[in-house]
Amino acid sequence: MMVNIANPIYDSVFKYLMEDERIAKTLISALLKKEVVEVDMRRNEYTNGNRDKISMFRIDFGARIKEDDGSTKLVLIELQKTWLETETLRFRQYLGAQYANPENILKDCENDGYGIPMIAVYLLGHKVGDIEEPVLYVKHKALDYDGNHVTKGIPDPFVDSLTHDSIIVQIPRLRGHVNNRLDEVLSVFDQSQREVGNHQVLSVDEDKFNGDMEMMHILHRLITAASDSKLRQDMNVEDEFFSAIENRDTAILQRDKKIAMQD
């Protein structure tokens, strides 16, 4: 059965979605390909309420993940979502602030003074160059002078304090591809399911998720969001903002074309 859900690419809807701890665990588990035992939204959560030049939603999570040997490990998830192409400097500035934040330093006896390992997640509403993979994992490696992998003593808290892995999701590349658990979870972001003439709503086949309690929970929350008058108003505001951005960019392109012709 087809159901209408609120489009989670909107900042307001995505924030509403991720405020649910169960959903946050489901998404982060799928992204990391590890079981998330515990997750909490950190108090330095930030959204671009000023809407200066571009929409960028930022939110931080502390996630305790289960390792293959049964132990648990605390990691920071620095999640950034944007609709339109933006300068990478904006992403770097935010990550720099998190590296410098004293709250992100471990304070236990064994690793006191080391930074909490960080994973940066980018949910992009645009494509990245010619990269065709919807999800890209970028991981740092320890090498010696000759380019050989260093495994003895790795991972090390000092090294992990100064480097981080990244996960880049190209939302426009999703387009119905469901090959694994992450693809399944991200399918609710697939913009090819947008209703004609109404980008605020996606039309999703609920039957695809029969028996999957976590996905049904995500769908039900997005169905609730679609009928929430406050969230619909927030989406209208976002539409107005992006309409103004598009009109501005079109005017700039037309002006530049006119100047080029005159020259």
# chains A, B, ... in the order shown; residues from 1 in each chain; ligands from 1
call {"tool": "residues_around", "arguments": {"residues": "Ile167 of chain A", "least_positions_apart": "6", "cutoff": "10 Å", "atoms": "only C-alpha atoms", "output": "list in words"}}
result
Leu31, Leu32, Leu79, Ile119, Ala120, Val121, Tyr122, Leu123, Val135, Leu136, Tyr137, Val138 and Lys139 of chain A
call {"tool": "select_by_dssp", "arguments": {"residues": "segment 130-225 of chain A", "states": "strand (DSSP E or B)", "output": "list of chain:residue names"}}
result
A:Val135, A:Leu136, A:Tyr137, A:Val138, A:Leu143, A:His149, A:His164, A:Asp165, A:Ser166, A:Ile167, A:Ile168, A:Val169, A:Gln170, A:Arg194, A:Glu195, A:Asn198, A:His199, A:Gln200, A:Val201, A:Leu202, A:Ser203, A:Val204, A:Asp205
call {"tool": "select_by_dssp", "arguments": {"residues": "segment 100-205 of chain A", "states": "alpha helix (DSSP H)", "output": "list in words"}}
result
Ala100, Pro157, Phe158, Val159, Asp160, Ser161, Leu162, Arg181, Leu182, Asp183, Glu184, Val185 and Leu186 of chain A
call {"tool": "residues_around", "arguments": {"residues": "segment 170-182 of chain A", "least_positions_apart": "4", "cutoff": "8 Å", "atoms": "only C-alpha atoms", "output": "VMD selection string"}}
result
chain A and resid 27 30 to 31 123 to 128 132 to 135 186 to 187 189 to 192
call {"tool": "closest_residue", "arguments": {"among": "A:Thr163, A:Asn198, A:Asn148, A:Gln262", "to": "Leu95 of chain A", "atoms": "only C-alpha atoms"}}
result
A:Thr163
call {"tool": "residues_around", "arguments": {"residues": "Gly96 of chain A", "least_positions_apart": "2", "cutoff": "12 Å", "atoms": "only C-alpha atoms", "output": "tab-separated table (two decimals) with N, CA, C and O atoms, in the first residue's frame"}}
result
chain	number	residue	atom	x	y	z
A	78	GLU	N	29.38	13.35	13.72
A	78	GLU	CA	29.16	14.74	13.31
A	78	GLU	C	28.38	14.71	12.00
A	78	GLU	O	28.95	14.48	10.94
A	89	LEU	N	34.58	24.61	2.85
A	89	LEU	CA	35.08	25.35	4.01
A	89	LEU	C	34.06	25.34	5.13
A	89	LEU	O	34.42	25.28	6.31
A	90	ARG	N	32.79	25.38	4.79
A	90	ARG	CA	31.74	25.38	5.82
A	90	ARG	C	31.78	24.07	6.61
A	90	ARG	O	31.62	24.06	7.83
A	91	PHE	N	31.99	22.95	5.92
A	91	PHE	CA	32.10	21.67	6.61
A	91	PHE	C	33.35	21.64	7.48
A	91	PHE	O	33.32	21.15	8.62
A	92	ARG	N	34.46	22.13	6.95
A	92	ARG	CA	35.72	22.09	7.68
A	92	ARG	C	35.67	22.96	8.93
A	92	ARG	O	36.21	22.61	9.98
A	93	GLN	N	35.03	24.12	8.82
A	93	GLN	CA	34.94	25.01	9.98
A	93	GLN	C	34.18	24.33	11.12
A	93	GLN	O	34.56	24.44	12.29
A	94	TYR	N	33.11	23.63	10.78
A	94	TYR	CA	32.32	22.96	11.81
A	94	TYR	C	33.12	21.83	12.46
A	94	TYR	O	33.12	21.67	13.68
A	98	GLN	N	34.54	21.20	16.45
A	98	GLN	CA	34.34	20.00	17.26
A	98	GLN	C	35.67	19.45	17.77
A	98	GLN	O	35.75	18.95	18.89
A	99	TYR	N	36.72	19.55	16.97
A	99	TYR	CA	38.04	19.14	17.44
A	99	TYR	C	38.49	19.99	18.62
A	99	TYR	O	39.16	19.51	19.54
A	100	ALA	N	38.13	21.28	18.59
A	100	ALA	CA	38.58	22.20	19.63
A	100	ALA	C	37.69	22.20	20.87
A	100	ALA	O	38.03	22.81	21.88
A	101	ASN	N	36.55	21.52	20.80
A	101	ASN	CA	35.60	21.52	21.91
A	101	ASN	C	36.11	20.63	23.04
A	101	ASN	O	36.28	19.42	22.88
A	104	ASN	N	34.63	17.23	23.97
A	104	ASN	CA	34.87	16.04	23.14
A	104	ASN	C	36.18	15.33	23.51
A	104	ASN	O	36.73	14.59	22.70
A	118	MET	N	36.06	10.46	16.04
A	118	MET	CA	35.02	11.19	15.34
A	118	MET	C	34.76	10.58	13.96
A	118	MET	O	35.69	10.18	13.27
A	120	ALA	N	32.59	11.74	10.53
A	120	ALA	CA	31.81	12.79	9.88
A	120	ALA	C	30.88	12.17	8.85
A	120	ALA	O	31.31	11.38	8.00
A	162	LEU	N	43.38	12.65	16.26
A	162	LEU	CA	43.80	13.64	15.27
A	162	LEU	C	43.32	13.34	13.86
A	162	LEU	O	43.59	14.11	12.94
A	163	THR	N	42.62	12.24	13.67
A	163	THR	CA	42.11	11.88	12.35
A	163	THR	C	40.66	11.41	12.49
A	163	THR	O	40.20	11.07	13.57
A	164	HIS	N	39.96	11.39	11.37
A	164	HIS	CA	38.58	10.89	11.42
A	164	HIS	C	38.20	10.28	10.07
A	164	HIS	O	38.79	10.62	9.03
call {"tool": "atom_distance", "arguments": {"atom1": "atom CA of Lys25 of chain A", "atom2": "atom CA of Thr82 of chain A"}}
result
21.0 Å
call {"tool": "atom_distance", "arguments": {"atom1": "atom CA of Leu74 of chain A", "atom2": "atom CA of Leu106 of chain A"}}
result
9.4 Å
call {"tool": "closest_residue", "arguments": {"among": "A:Arg42, A:Arg22, A:Lys81, A:Arg255", "to": "Met216 of chain A", "atoms": "only C-alpha atoms"}}
result
A:Arg22
call {"tool": "atom_distance", "arguments": {"atom1": "atom CA of Ile116 of chain A", "atom2": "atom CA of Val159 of chain A"}}
result
10.8 Å
call {"tool": "closest_residue", "arguments": {"among": "A:Glu214, A:Val13, A:Val204, A:Ile131", "to": "Ser29 of chain A", "atoms": "only C-alpha atoms"}}
result
A:Glu214
